[in-house]
>>> print(open('my_file12.pdb').read())   # PDB, C-alpha atoms, pLDDT in the B column
ATOM      1  CA  MET Z  42      60.034 -64.481  10.290  1.00 80.00           C
ATOM      2  CA  TYR Z  43      61.289 -66.907  12.938  1.00 80.00           C
ATOM      3  CA  LEU Z  44      60.339 -69.910  10.798  1.00 82.00           C
ATOM      4  CA  ILE Z  45      61.647 -68.367   7.578  1.00 83.00           C
ATOM      5  CA  ARG Z  46      64.895 -66.678   8.658  1.00 81.00           C
ATOM      6  CA  ASN Z  47      65.392 -67.494  12.352  1.00 79.00           C
ATOM      7  CA  ALA Z  48      64.407 -64.006  13.529  1.00 78.00           C
ATOM      8  CA  SER Z  49      64.923 -63.859  17.326  1.00 72.00           C
ATOM      9  CA  GLY Z  50      66.276 -67.414  17.240  1.00 73.00           C
ATOM     10  CA  GLN Z  51      69.671 -68.873  18.121  1.00 75.00           C
ATOM     11  CA  ARG Z  52      72.400 -66.416  17.140  1.00 76.00           C
ATOM     12  CA  HIS Z  53      74.991 -69.093  16.428  1.00 78.00           C
ATOM     13  CA  TYR Z  54      72.878 -70.554  13.597  1.00 83.00           C
ATOM     14  CA  PRO Z  55      73.909 -69.635  10.037  1.00 83.00           C
ATOM     15  CA  LYS Z  56      72.227 -66.646   8.442  1.00 82.00           C
ATOM     16  CA  MET Z  57      68.749 -67.333   7.026  1.00 82.00           C
ATOM     17  CA  THR Z  58      68.367 -70.631   8.897  1.00 87.00           C
ATOM     18  CA  ASN Z  59      64.768 -71.739   8.428  1.00 86.00           C
ATOM     19  CA  HIS Z  60      62.368 -74.526   9.389  1.00 88.00           C
ATOM     20  CA  PHE Z  61      61.491 -75.578   5.836  1.00 90.00           C
ATOM     21  CA  GLN Z  62      64.914 -76.572   4.489  1.00 88.00           C
ATOM     22  CA  PRO Z  63      65.657 -80.284   5.098  1.00 89.00           C
ATOM     23  CA  SER Z  64      69.406 -79.633   5.299  1.00 88.00           C
ATOM     24  CA  SER Z  65      69.000 -76.913   7.942  1.00 88.00           C
ATOM     25  CA  VAL Z  66      71.290 -77.224  10.966  1.00 87.00           C
ATOM     26  CA  ILE Z  67      68.295 -77.419  13.301  1.00 87.00           C
ATOM     27  CA  PHE Z  68      67.356 -80.855  11.913  1.00 87.00           C
ATOM     28  CA  ALA Z  69      69.065 -84.217  12.284  1.00 88.00           C
ATOM     29  CA  PRO Z  70      69.909 -86.176   9.116  1.00 89.00           C
ATOM     30  CA  HIS Z  71      67.220 -88.783   9.816  1.00 92.00           C
ATOM     31  CA  GLN Z  72      64.561 -86.008   9.768  1.00 91.00           C
ATOM     32  CA  HIS Z  73      65.287 -85.065   6.138  1.00 92.00           C
ATOM     33  CA  ASN Z  74      62.335 -86.887   4.595  1.00 94.00           C
ATOM     34  CA  GLN Z  75      59.990 -85.779   7.387  1.00 94.00           C
ATOM     35  CA  ILE Z  76      60.734 -82.122   6.614  1.00 93.00           C
ATOM     36  CA  ILE Z  77      60.039 -82.697   2.915  1.00 95.00           C
ATOM     37  CA  ILE Z  78      56.683 -84.323   3.740  1.00 96.00           C
ATOM     38  CA  SER Z  79      55.867 -81.444   6.084  1.00 95.00           C
ATOM     39  CA  ASP Z  80      56.737 -78.876   3.394  1.00 95.00           C
ATOM     40  CA  ILE Z  81      54.512 -80.663   0.870  1.00 97.00           C
ATOM     41  CA  GLY Z  82      51.626 -80.683   3.350  1.00 96.00           C
ATOM     42  CA  ILE Z  83      52.010 -76.950   4.015  1.00 95.00           C
ATOM     43  CA  LEU Z  84      52.078 -76.150   0.283  1.00 96.00           C
ATOM     44  CA  LEU Z  85      48.983 -78.282  -0.331  1.00 97.00           C
ATOM     45  CA  TRP Z  86      47.113 -76.518   2.478  1.00 96.00           C
ATOM     46  CA  ILE Z  87      48.121 -73.075   1.220  1.00 96.00           C
ATOM     47  CA  GLY Z  88      46.963 -74.133  -2.240  1.00 97.00           C
ATOM     48  CA  ALA Z  89      43.621 -75.231  -0.787  1.00 97.00           C
ATOM     49  CA  LEU Z  90      43.152 -71.862   0.909  1.00 97.00           C
ATOM     50  CA  VAL Z  91      44.017 -70.009  -2.308  1.00 97.00           C
ATOM     51  CA  TYR Z  92      41.551 -72.180  -4.251  1.00 97.00           C
ATOM     52  CA  TRP Z  93      38.878 -71.555  -1.626  1.00 97.00           C
ATOM     53  CA  SER Z  94      39.453 -67.808  -1.832  1.00 97.00           C
ATOM     54  CA  MET Z  95      39.307 -67.800  -5.631  1.00 96.00           C
ATOM     55  CA  THR Z  96      36.145 -69.899  -5.892  1.00 96.00           C
ATOM     56  CA  ARG Z  97      34.151 -68.790  -2.851  1.00 95.00           C
ATOM     57  CA  GLY Z  98      35.716 -65.442  -2.071  1.00 96.00           C
ATOM     58  CA  PHE Z  99      38.456 -64.312   0.267  1.00 96.00           C
ATOM     59  CA  LEU Z 100      36.025 -62.947   2.852  1.00 96.00           C
ATOM     60  CA  GLU Z 101      34.359 -66.331   3.313  1.00 96.00           C
ATOM     61  CA  MET Z 102      37.728 -68.045   3.773  1.00 96.00           C
ATOM     62  CA  ALA Z 103      38.875 -65.375   6.200  1.00 96.00           C
ATOM     63  CA  ARG Z 104      35.643 -65.517   8.195  1.00 96.00           C
ATOM     64  CA  ILE Z 105      35.428 -69.311   8.476  1.00 96.00           C
ATOM     65  CA  TYR Z 106      39.138 -70.176   8.646  1.00 96.00           C
ATOM     66  CA  GLY Z 107      41.360 -67.107   8.982  1.00 95.00           C
ATOM     67  CA  VAL Z 108      39.777 -65.394  11.983  1.00 96.00           C
ATOM     68  CA  PRO Z 109      39.341 -68.618  14.044  1.00 95.00           C
ATOM     69  CA  TYR Z 110      42.934 -69.585  13.188  1.00 94.00           C
ATOM     70  CA  LEU Z 111      44.287 -66.285  14.496  1.00 94.00           C
ATOM     71  CA  TRP Z 112      42.020 -66.452  17.559  1.00 93.00           C
ATOM     72  CA  VAL Z 113      43.186 -69.925  18.572  1.00 91.00           C
ATOM     73  CA  ASN Z 114      46.853 -69.119  17.992  1.00 91.00           C
ATOM     74  CA  HIS Z 115      46.539 -65.869  19.927  1.00 90.00           C
ATOM     75  CA  TRP Z 116      45.589 -67.935  22.993  1.00 89.00           C
ATOM     76  CA  LEU Z 117      48.383 -70.441  22.386  1.00 88.00           C
ATOM     77  CA  VAL Z 118      50.985 -67.669  22.216  1.00 88.00           C
ATOM     78  CA  LEU Z 119      49.591 -65.876  25.279  1.00 91.00           C
ATOM     79  CA  ILE Z 120      49.381 -69.041  27.377  1.00 91.00           C
ATOM     80  CA  THR Z 121      52.824 -70.338  26.377  1.00 91.00           C
ATOM     81  CA  PHE Z 122      54.444 -66.962  27.019  1.00 90.00           C
ATOM     82  CA  LEU Z 123      52.956 -66.663  30.504  1.00 91.00           C
ATOM     83  CA  GLN Z 124      53.792 -70.247  31.422  1.00 90.00           C
ATOM     84  CA  HIS Z 125      57.506 -69.623  30.970  1.00 89.00           C
ATOM     85  CA  THR Z 126      58.010 -65.893  31.505  1.00 86.00           C
ATOM     86  CA  ASP Z 127      57.971 -64.209  34.911  1.00 86.00           C
ATOM     87  CA  PRO Z 128      60.434 -62.078  36.925  1.00 81.00           C
ATOM     88  CA  TYR Z 129      60.571 -64.772  39.608  1.00 79.00           C
ATOM     89  CA  LEU Z 130      61.456 -67.672  37.338  1.00 83.00           C
ATOM     90  CA  PRO Z 131      65.172 -68.523  37.299  1.00 78.00           C
ATOM     91  CA  HIS Z 132      67.115 -69.165  34.108  1.00 75.00           C
ATOM     92  CA  TYR Z 133      70.089 -71.535  34.239  1.00 76.00           C
ATOM     93  CA  ARG Z 134      73.290 -71.877  32.285  1.00 71.00           C
ATOM     94  CA  GLY Z 135      73.983 -75.254  30.755  1.00 72.00           C
ATOM     95  CA  SER Z 136      76.437 -76.281  33.470  1.00 75.00           C
ATOM     96  CA  ALA Z 137      73.783 -75.829  36.166  1.00 77.00           C
ATOM     97  CA  PHE Z 138      70.725 -76.992  34.268  1.00 82.00           C
ATOM     98  CA  ASN Z 139      69.132 -80.362  34.943  1.00 85.00           C
ATOM     99  CA  PHE Z 140      65.700 -81.874  34.376  1.00 88.00           C
ATOM    100  CA  GLN Z 141      64.375 -81.024  37.838  1.00 86.00           C
ATOM    101  CA  ARG Z 142      65.356 -77.361  37.655  1.00 86.00           C
ATOM    102  CA  GLY Z 143      64.083 -77.021  34.114  1.00 86.00           C
ATOM    103  CA  ALA Z 144      60.792 -78.736  34.901  1.00 89.00           C
ATOM    104  CA  LEU Z 145      60.133 -76.415  37.830  1.00 90.00           C
ATOM    105  CA  SER Z 146      61.134 -73.220  36.016  1.00 89.00           C
ATOM    106  CA  THR Z 147      57.527 -72.549  35.063  1.00 91.00           C
ATOM    107  CA  LEU Z 148      54.257 -71.415  36.619  1.00 92.00           C
ATOM    108  CA  ASP Z 149      50.655 -72.482  36.930  1.00 93.00           C
ATOM    109  CA  ARG Z 150      48.229 -69.644  36.219  1.00 94.00           C
ATOM    110  CA  SER Z 151      44.467 -69.326  36.325  1.00 93.00           C
ATOM    111  CA  LEU Z 152      43.612 -68.442  32.743  1.00 92.00           C
ATOM    112  CA  LEU Z 153      41.204 -65.471  32.759  1.00 91.00           C
ATOM    113  CA  GLY Z 154      41.199 -65.644  36.574  1.00 91.00           C
ATOM    114  CA  GLY Z 155      41.859 -61.925  36.768  1.00 88.00           C
ATOM    115  CA  ALA Z 156      38.316 -61.301  35.499  1.00 88.00           C
ATOM    116  CA  GLY Z 157      36.771 -63.131  38.450  1.00 90.00           C
ATOM    117  CA  PRO Z 158      36.114 -66.675  39.728  1.00 91.00           C
ATOM    118  CA  PHE Z 159      33.590 -67.523  37.012  1.00 94.00           C
ATOM    119  CA  PHE Z 160      35.914 -66.607  34.167  1.00 92.00           C
ATOM    120  CA  GLY Z 161      38.777 -68.384  35.938  1.00 92.00           C
ATOM    121  CA  TRP Z 162      36.641 -71.538  36.061  1.00 93.00           C
ATOM    122  CA  LEU Z 163      35.564 -71.062  32.449  1.00 93.00           C
ATOM    123  CA  GLY Z 164      39.128 -70.575  31.200  1.00 90.00           C
ATOM    124  CA  GLY Z 165      40.292 -73.724  32.957  1.00 91.00           C
ATOM    125  CA  VAL Z 166      37.403 -75.872  31.744  1.00 91.00           C
ATOM    126  CA  LEU Z 167      37.485 -74.721  28.110  1.00 90.00           C
ATOM    127  CA  THR Z 168      41.244 -75.310  27.815  1.00 90.00           C
ATOM    128  CA  HIS Z 169      41.366 -78.519  29.888  1.00 91.00           C
ATOM    129  CA  GLY Z 170      43.623 -76.858  32.449  1.00 90.00           C
ATOM    130  CA  ILE Z 171      46.437 -76.135  29.996  1.00 91.00           C
ATOM    131  CA  SER Z 172      47.494 -73.121  32.059  1.00 92.00           C
ATOM    132  CA  GLU Z 173      46.376 -74.290  35.506  1.00 94.00           C
ATOM    133  CA  THR Z 174      48.264 -77.628  35.417  1.00 94.00           C
ATOM    134  CA  HIS Z 175      51.349 -76.669  33.422  1.00 94.00           C
ATOM    135  CA  VAL Z 176      53.935 -77.431  36.120  1.00 93.00           C
ATOM    136  CA  LEU Z 177      52.687 -81.008  36.207  1.00 93.00           C
ATOM    137  CA  HIS Z 178      53.025 -81.164  32.409  1.00 92.00           C
ATOM    138  CA  HIS Z 179      56.715 -80.272  32.800  1.00 91.00           C
ATOM    139  CA  VAL Z 180      57.251 -82.886  35.496  1.00 91.00           C
ATOM    140  CA  SER Z 181      55.376 -85.684  33.679  1.00 90.00           C
ATOM    141  CA  SER Z 182      54.000 -84.969  30.221  1.00 87.00           C
ATOM    142  CA  LYS Z 183      52.438 -88.440  29.951  1.00 90.00           C
ATOM    143  CA  ILE Z 184      49.663 -87.710  32.449  1.00 90.00           C
ATOM    144  CA  PRO Z 185      46.441 -87.076  30.439  1.00 89.00           C
ATOM    145  CA  HIS Z 186      44.468 -83.889  30.965  1.00 87.00           C
ATOM    146  CA  TYR Z 187      41.575 -85.684  32.651  1.00 90.00           C
ATOM    147  CA  HIS Z 188      43.910 -86.683  35.495  1.00 93.00           C
ATOM    148  CA  ALA Z 189      45.951 -83.458  35.459  1.00 93.00           C
ATOM    149  CA  TRP Z 190      43.877 -81.588  38.062  1.00 94.00           C
ATOM    150  CA  GLU Z 191      44.111 -84.368  40.628  1.00 94.00           C
ATOM    151  CA  ALA Z 192      47.795 -84.943  39.923  1.00 93.00           C
ATOM    152  CA  SER Z 193      48.525 -81.195  40.138  1.00 94.00           C
ATOM    153  CA  ASP Z 194      46.960 -81.017  43.586  1.00 94.00           C
ATOM    154  CA  ALA Z 195      49.226 -83.853  44.732  1.00 93.00           C
ATOM    155  CA  LEU Z 196      52.283 -82.220  43.137  1.00 93.00           C
ATOM    156  CA  ARG Z 197      51.558 -78.840  44.754  1.00 93.00           C
ATOM    157  CA  LYS Z 198      51.396 -80.479  48.192  1.00 93.00           C
ATOM    158  CA  ARG Z 199      54.726 -82.182  47.579  1.00 91.00           C
ATOM    159  CA  LEU Z 200      56.354 -78.961  46.378  1.00 91.00           C
ATOM    160  CA  ALA Z 201      54.857 -76.983  49.270  1.00 91.00           C
ATOM    161  CA  ALA Z 202      56.544 -79.384  51.682  1.00 90.00           C
ATOM    162  CA  ALA Z 203      59.858 -78.306  50.109  1.00 88.00           C
ATOM    163  CA  GLY Z 204      58.928 -74.610  50.305  1.00 88.00           C
ATOM    164  CA  ILE Z 205      58.203 -74.237  46.598  1.00 88.00           C
ATOM    165  CA  ASN Z 206      55.175 -72.316  45.327  1.00 90.00           C
ATOM    166  CA  LEU Z 207      54.768 -72.150  41.566  1.00 91.00           C
ATOM    167  CA  GLN Z 208      51.344 -70.478  41.389  1.00 91.00           C
ATOM    168  CA  GLY Z 209      51.608 -67.333  39.299  1.00 90.00           C
ATOM    169  CA  ALA Z 210      49.311 -64.367  38.813  1.00 90.00           C
ATOM    170  CA  PRO Z 211      46.138 -64.977  36.751  1.00 92.00           C
ATOM    171  CA  GLY Z 212      46.773 -65.421  33.047  1.00 89.00           C
ATOM    172  CA  GLY Z 213      45.621 -62.609  30.792  1.00 88.00           C
ATOM    173  CA  TRP Z 214      46.820 -59.535  28.963  1.00 88.00           C
ATOM    174  CA  THR Z 215      47.534 -57.730  32.244  1.00 88.00           C
ATOM    175  CA  ALA Z 216      50.057 -60.434  33.147  1.00 89.00           C
ATOM    176  CA  VAL Z 217      51.539 -60.285  29.632  1.00 88.00           C
ATOM    177  CA  PHE Z 218      51.983 -56.520  29.891  1.00 88.00           C
ATOM    178  CA  HIS Z 219      53.601 -56.893  33.322  1.00 86.00           C
ATOM    179  CA  ALA Z 220      56.028 -59.564  32.096  1.00 86.00           C
ATOM    180  CA  ILE Z 221      57.003 -57.618  28.991  1.00 83.00           C
ATOM    181  CA  ARG Z 222      57.681 -54.475  31.029  1.00 82.00           C
ATOM    182  CA  THR Z 223      59.511 -56.314  33.808  1.00 80.00           C
ATOM    183  CA  CYS Z 224      61.625 -59.021  32.156  1.00 75.00           C
ATOM    184  CA  LYS Z 225      64.223 -56.876  30.435  1.00 63.00           C
ATOM    185  CA  VAL Z 226      67.732 -57.406  31.787  1.00 54.00           C
ATOM    186  CA  CYS Z 227      69.504 -60.649  32.626  1.00 53.00           C
ATOM    187  CA  ILE Z 228      72.261 -60.466  35.252  1.00 50.00           C
ATOM    188  CA  GLU Z 229      74.413 -63.524  35.846  1.00 50.00           C
ATOM    189  CA  PHE Z 230      75.796 -64.395  39.268  1.00 47.00           C
ATOM    190  CA  HIS Z 231      76.963 -67.418  41.226  1.00 47.00           C
ATOM    191  CA  LEU Z 232      75.598 -68.799  44.472  1.00 47.00           C
ATOM    192  CA  GLN Z 233      77.789 -70.315  47.136  1.00 43.00           C
ATOM    193  CA  ASP Z 234      77.435 -73.831  45.735  1.00 42.00           C
ATOM    194  CA  LYS Z 235      78.660 -72.607  42.312  1.00 42.00           C
ATOM    195  CA  LEU Z 236      75.176 -72.738  40.832  1.00 43.00           C
ATOM    196  CA  GLU Z 237      74.998 -70.458  37.803  1.00 45.00           C
ATOM    197  CA  LEU Z 238      71.772 -68.494  37.699  1.00 46.00           C
ATOM    198  CA  ILE Z 239      70.412 -65.594  35.695  1.00 48.00           C
ATOM    199  CA  ALA Z 240      68.133 -63.106  37.433  1.00 46.00           C
ATOM    200  CA  ILE Z 241      65.710 -61.186  35.227  1.00 47.00           C
ATOM    201  CA  LEU Z 242      65.382 -57.593  36.345  1.00 45.00           C
ATOM    202  CA  PRO Z 243      63.510 -54.526  35.102  1.00 45.00           C
ATOM    203  CA  SER Z 244      65.608 -52.366  32.817  1.00 42.00           C
ATOM    204  CA  SER Z 245      64.867 -49.361  35.045  1.00 43.00           C
ATOM    205  CA  SER Z 246      65.914 -51.040  38.318  1.00 39.00           C
ATOM    206  CA  LYS Z 247      68.631 -49.525  40.497  1.00 36.00           C
ATOM    207  CA  THR Z 248      68.490 -51.754  43.558  1.00 33.00           C
ATOM    208  CA  ARG Z 249      66.138 -54.641  44.084  1.00 35.00           C
ATOM    209  CA  VAL Z 250      65.751 -57.487  46.553  1.00 33.00           C
ATOM    210  CA  MET Z 251      64.515 -60.712  45.016  1.00 36.00           C
ATOM    211  CA  SER Z 252      63.403 -63.737  47.027  1.00 33.00           C
ATOM    212  CA  PHE Z 253      63.343 -67.109  45.320  1.00 37.00           C
ATOM    213  CA  SER Z 254      62.545 -69.011  48.513  1.00 32.00           C
ATOM    214  CA  THR Z 255      59.161 -70.110  47.218  1.00 32.00           C
ATOM    215  CA  ARG Z 256      59.869 -69.929  43.511  1.00 37.00           C
ATOM    216  CA  MET Z 257      63.153 -71.643  42.798  1.00 38.00           C
ATOM    217  CA  PRO Z 258      63.556 -75.423  42.487  1.00 36.00           C
ATOM    218  CA  MET Z 259      65.272 -76.801  45.574  1.00 33.00           C
ATOM    219  CA  ALA Z 260      66.580 -80.027  44.092  1.00 34.00           C
ATOM    220  CA  VAL Z 261      70.122 -79.264  45.311  1.00 35.00           C
ATOM    221  CA  LEU Z 262      69.894 -76.080  47.355  1.00 33.00           C
ATOM    222  CA  PRO Z 263      68.662 -76.081  50.970  1.00 32.00           C
ATOM    223  CA  ALA Z 264      64.957 -75.404  51.368  1.00 32.00           C
ATOM    224  CA  SER Z 265      65.580 -72.535  53.790  1.00 34.00           C
ATOM    225  CA  LEU Z 266      64.892 -68.943  52.801  1.00 29.00           C
ATOM    226  CA  PHE Z 267      67.569 -67.287  50.749  1.00 31.00           C
ATOM    227  CA  ILE Z 268      67.613 -63.721  49.503  1.00 34.00           C
ATOM    228  CA  LEU Z 269      69.424 -62.435  46.433  1.00 36.00           C
ATOM    229  CA  ARG Z 270      70.416 -58.813  46.850  1.00 34.00           C
ATOM    230  CA  VAL Z 271      71.039 -57.279  43.448  1.00 33.00           C
ATOM    231  CA  SER Z 272      72.616 -53.854  43.001  1.00 31.00           C
ATOM    232  CA  TYR Z 273      71.973 -53.031  39.374  1.00 32.00           C
ATOM    233  CA  PRO Z 274      74.029 -52.774  37.249  1.00 33.00           C
ATOM    234  CA  THR Z 275      77.453 -52.726  38.897  1.00 30.00           C
ATOM    235  CA  ARG Z 276      77.454 -55.228  41.802  1.00 32.00           C
ATOM    236  CA  VAL Z 277      75.823 -58.505  42.675  1.00 34.00           C
ATOM    237  CA  SER Z 278      75.938 -60.093  46.131  1.00 34.00           C
ATOM    238  CA  THR Z 279      74.173 -63.034  47.655  1.00 34.00           C
ATOM    239  CA  SER Z 280      73.071 -63.818  51.159  1.00 34.00           C
ATOM    240  CA  ILE Z 281      71.949 -67.356  52.005  1.00 35.00           C
ATOM    241  CA  PRO Z 282      70.964 -67.929  55.642  1.00 36.00           C
ATOM    242  CA  SER Z 283      72.124 -71.193  57.157  1.00 36.00           C
ATOM    243  CA  ASN Z 284      69.645 -73.919  58.029  1.00 37.00           C
TER     244      ASN Z 284
END
>>> encode(input="my_file12.pdb", output="structure tokens")
Amino acid sequence: MYLIRNASGQRHYPKMTNHFQPSSVIFAPHQHNQIIISDIGILLWIGALVYWSMTRGFLEMARIYGVPYLWVNHWLVLITFLQHTDPYLPHYRGSAFNFQRGALSTLDRSLLGGAGPFFGWLGGVLTHGISETHVLHHVSSKIPHYHAWEASDALRKRLAAAGINLQGAPGGWTAVFHAIRTCKVCIEFHLQDKLELIAILPSSSKTRVMSFSTRMPMAVLPASLFILRVSYPTRVSTSIPSN
């Protein structure tokens, strides 16, 4: 539904905005022919699947193609969701956003690590560290996966020196359930240096103390501990200790 009619997408887009119409507002004029080629490729592939189902049977197509397709995409959705969704990750307005803050607004997670060290190792090896080295991917997407582990170790040491720790809980359905239940309400407030930030709070919260001292990018802010005291939903105050 997102691709067809922009369900859950940008609200300022026209009604029924989709990813298959070359004239859609989400595409630049020079992408017109590329969208047409993409549409033709999708139609040809759908036609091939229909032909396969009609000649060899739907069950064979579903067993060999359909189930593996859903299985792979289930992992892609789970991993991508957990890489960018967590109560401790800040969200920035456009006036405060820059590359450094955006790149560090993500987490590394041990995929399947919640099931034990062996499964954590297995998840990392089978996916080439897609979840374990994701922060590095944000910082420099040109580093190939076979150097990502070494580069991530170096990046973590550099971030640790600035008081930043971007290692999240192990990746799995437990973490997905926690994020879905926790990341409900966005409250906007301003820090002393006019930085616009959105804190994600549980919908059931009344009062909560959130520390971003080891989570939030410190590209501009001092690296010292700062606490955000949030009184939900009526008052927001901030307390930033001096260096």
>>> resolve_selection(input="my_file12.pdb", expression="the PyMOL selection byres ((chain Z and resi 123) around 10)", output="list of chain:residue names")
Z:Val118, Z:Leu119, Z:Ile120, Z:Thr121, Z:Phe122, Z:Gln124, Z:His125, Z:Thr126, Z:Asp127, Z:Thr147, Z:Leu148, Z:Asp149, Z:Arg150, Z:Leu152, Z:Ser172, Z:Gly209, Z:Ala210, Z:Pro211, Z:Gly212, Z:Gly213, Z:Trp214, Z:Ala216, Z:Val217, Z:Ala220
>>> residues_around(input="my_file12.pdb", residues="Z:Tyr106", least_positions_apart="5", cutoff="9 Å", atoms="only C-alpha atoms", output="number ranges by chain")
Z: 90, 101, 111
>>> axis_aligned_box(input="my_file12.pdb", around="stretch 209-217 of chain Z", padding_each_side="5 Å", output="AutoDock Vina command-line options")
--center_x 48.6 --center_y -62.5 --center_z 34.1 --size_x 16.0 --size_y 19.6 --size_z 20.3
>>> residues_near_point(input="my_file12.pdb", point="(59.0, -82.8, 34.6)", cutoff="8 Å", atoms="all atoms listed in the file", output="list in words")
Phe140, Gln141, Gly143, Ala144, Leu145, Val176, Leu177, His178, His179, Val180, Ser181 and Ser182 of chain Z
>>> resolve_selection(input="my_file12.pdb", expression="the PyMOL selection byres ((chain Z and resi 66) around 12)", output="list in words")
Asn47, Gln51, His53, Tyr54, Pro55, Lys56, Met57, Thr58, Asn59, His60, Phe61, Gln62, Pro63, Ser64, Ser65, Ile67, Phe68, Ala69, Pro70, Gln72 and His73 of chain Z
>>> resolve_selection(input="my_file12.pdb", expression="the PyMOL selection byres ((chain Z and resi 170) around 12)", output="count of residues only")
33
>>> atom_distance(input="my_file12.pdb", atom1="atom CA of Z:Val113", atom2="atom CA of Z:Ala156")
19.6 Å
>>> atom_distance(input="my_file12.pdb", atom1="atom CA of Z:Trp86", atom2="atom CA of Z:Tyr110")
13.4 Å
>>> atom_distance(input="my_file12.pdb", atom1="atom CA of Z:Ile45", atom2="atom CA of Z:Ile81")
15.7 Å
>>> closest_residue(input="my_file12.pdb", among="Z:Gly204, Z:Gly154, Z:Pro128, Z:Gly88", to="Z:Ile221", atoms="all atoms listed in the file")
Z:Pro128
>>> decode(input="my_file12.pdb", residues="stretch 88-131 of chain Z", atoms="C-alpha atoms", output="PDB file, in the first residue's frame")
ATOM      1  CA  GLY Z  88       4.087 -12.293 -15.912  1.00  0.00           C
ATOM      2  CA  ALA Z  89       6.848 -14.877 -15.474  1.00  0.00           C
ATOM      3  CA  LEU Z  90       5.499 -15.867 -12.061  1.00  0.00           C
ATOM      4  CA  VAL Z  91       1.958 -16.169 -13.435  1.00  0.00           C
ATOM      5  CA  TYR Z  92       3.235 -18.314 -16.323  1.00  0.00           C
ATOM      6  CA  TRP Z  93       5.186 -20.485 -13.894  1.00  0.00           C
ATOM      7  CA  SER Z  94       2.101 -20.963 -11.734  1.00  0.00           C
ATOM      8  CA  MET Z  95      -0.084 -21.853 -14.715  1.00  0.00           C
ATOM      9  CA  THR Z  96       2.354 -24.342 -16.242  1.00  0.00           C
ATOM     10  CA  ARG Z  97       3.969 -25.916 -13.181  1.00  0.00           C
ATOM     11  CA  GLY Z  98       1.433 -25.160 -10.486  1.00  0.00           C
ATOM     12  CA  PHE Z  99       1.068 -22.407  -7.929  1.00  0.00           C
ATOM     13  CA  LEU Z 100       2.369 -24.551  -5.073  1.00  0.00           C
ATOM     14  CA  GLU Z 101       5.693 -25.148  -6.815  1.00  0.00           C
ATOM     15  CA  MET Z 102       6.128 -21.425  -7.489  1.00  0.00           C
ATOM     16  CA  ALA Z 103       5.197 -20.563  -3.922  1.00  0.00           C
ATOM     17  CA  ARG Z 104       7.531 -23.186  -2.466  1.00  0.00           C
ATOM     18  CA  ILE Z 105      10.577 -22.340  -4.594  1.00  0.00           C
ATOM     19  CA  TYR Z 106      10.102 -18.575  -4.968  1.00  0.00           C
ATOM     20  CA  GLY Z 107       7.297 -17.213  -2.790  1.00  0.00           C
ATOM     21  CA  VAL Z 108       8.306 -18.565   0.617  1.00  0.00           C
ATOM     22  CA  PRO Z 109      12.046 -17.727   0.239  1.00  0.00           C
ATOM     23  CA  TYR Z 110      11.083 -14.248  -1.006  1.00  0.00           C
ATOM     24  CA  LEU Z 111       8.962 -13.575   2.074  1.00  0.00           C
ATOM     25  CA  TRP Z 112      11.624 -15.069   4.361  1.00  0.00           C
ATOM     26  CA  VAL Z 113      14.409 -12.859   3.016  1.00  0.00           C
ATOM     27  CA  ASN Z 114      12.270  -9.720   3.086  1.00  0.00           C
ATOM     28  CA  HIS Z 115      11.100 -10.485   6.615  1.00  0.00           C
ATOM     29  CA  TRP Z 116      14.739 -10.238   7.739  1.00  0.00           C
ATOM     30  CA  LEU Z 117      15.325  -7.062   5.733  1.00  0.00           C
ATOM     31  CA  VAL Z 118      12.319  -5.362   7.333  1.00  0.00           C
ATOM     32  CA  LEU Z 119      13.243  -6.545  10.837  1.00  0.00           C
ATOM     33  CA  ILE Z 120      16.887  -5.502  10.527  1.00  0.00           C
ATOM     34  CA  THR Z 121      16.133  -2.107   8.965  1.00  0.00           C
ATOM     35  CA  PHE Z 122      13.477  -1.333  11.570  1.00  0.00           C
ATOM     36  CA  LEU Z 123      15.787  -2.130  14.482  1.00  0.00           C
ATOM     37  CA  GLN Z 124      18.706  -0.220  12.993  1.00  0.00           C
ATOM     38  CA  HIS Z 125      16.762   3.035  13.051  1.00  0.00           C
ATOM     39  CA  THR Z 126      14.147   2.641  15.782  1.00  0.00           C
ATOM     40  CA  ASP Z 127      14.909   2.835  19.499  1.00  0.00           C
ATOM     41  CA  PRO Z 128      13.704   5.001  22.418  1.00  0.00           C
ATOM     42  CA  TYR Z 129      17.228   6.365  22.861  1.00  0.00           C
ATOM     43  CA  LEU Z 130      17.756   7.513  19.290  1.00  0.00           C
ATOM     44  CA  PRO Z 131      17.146  11.238  18.761  1.00  0.00           C
TER      45      PRO Z 131
END
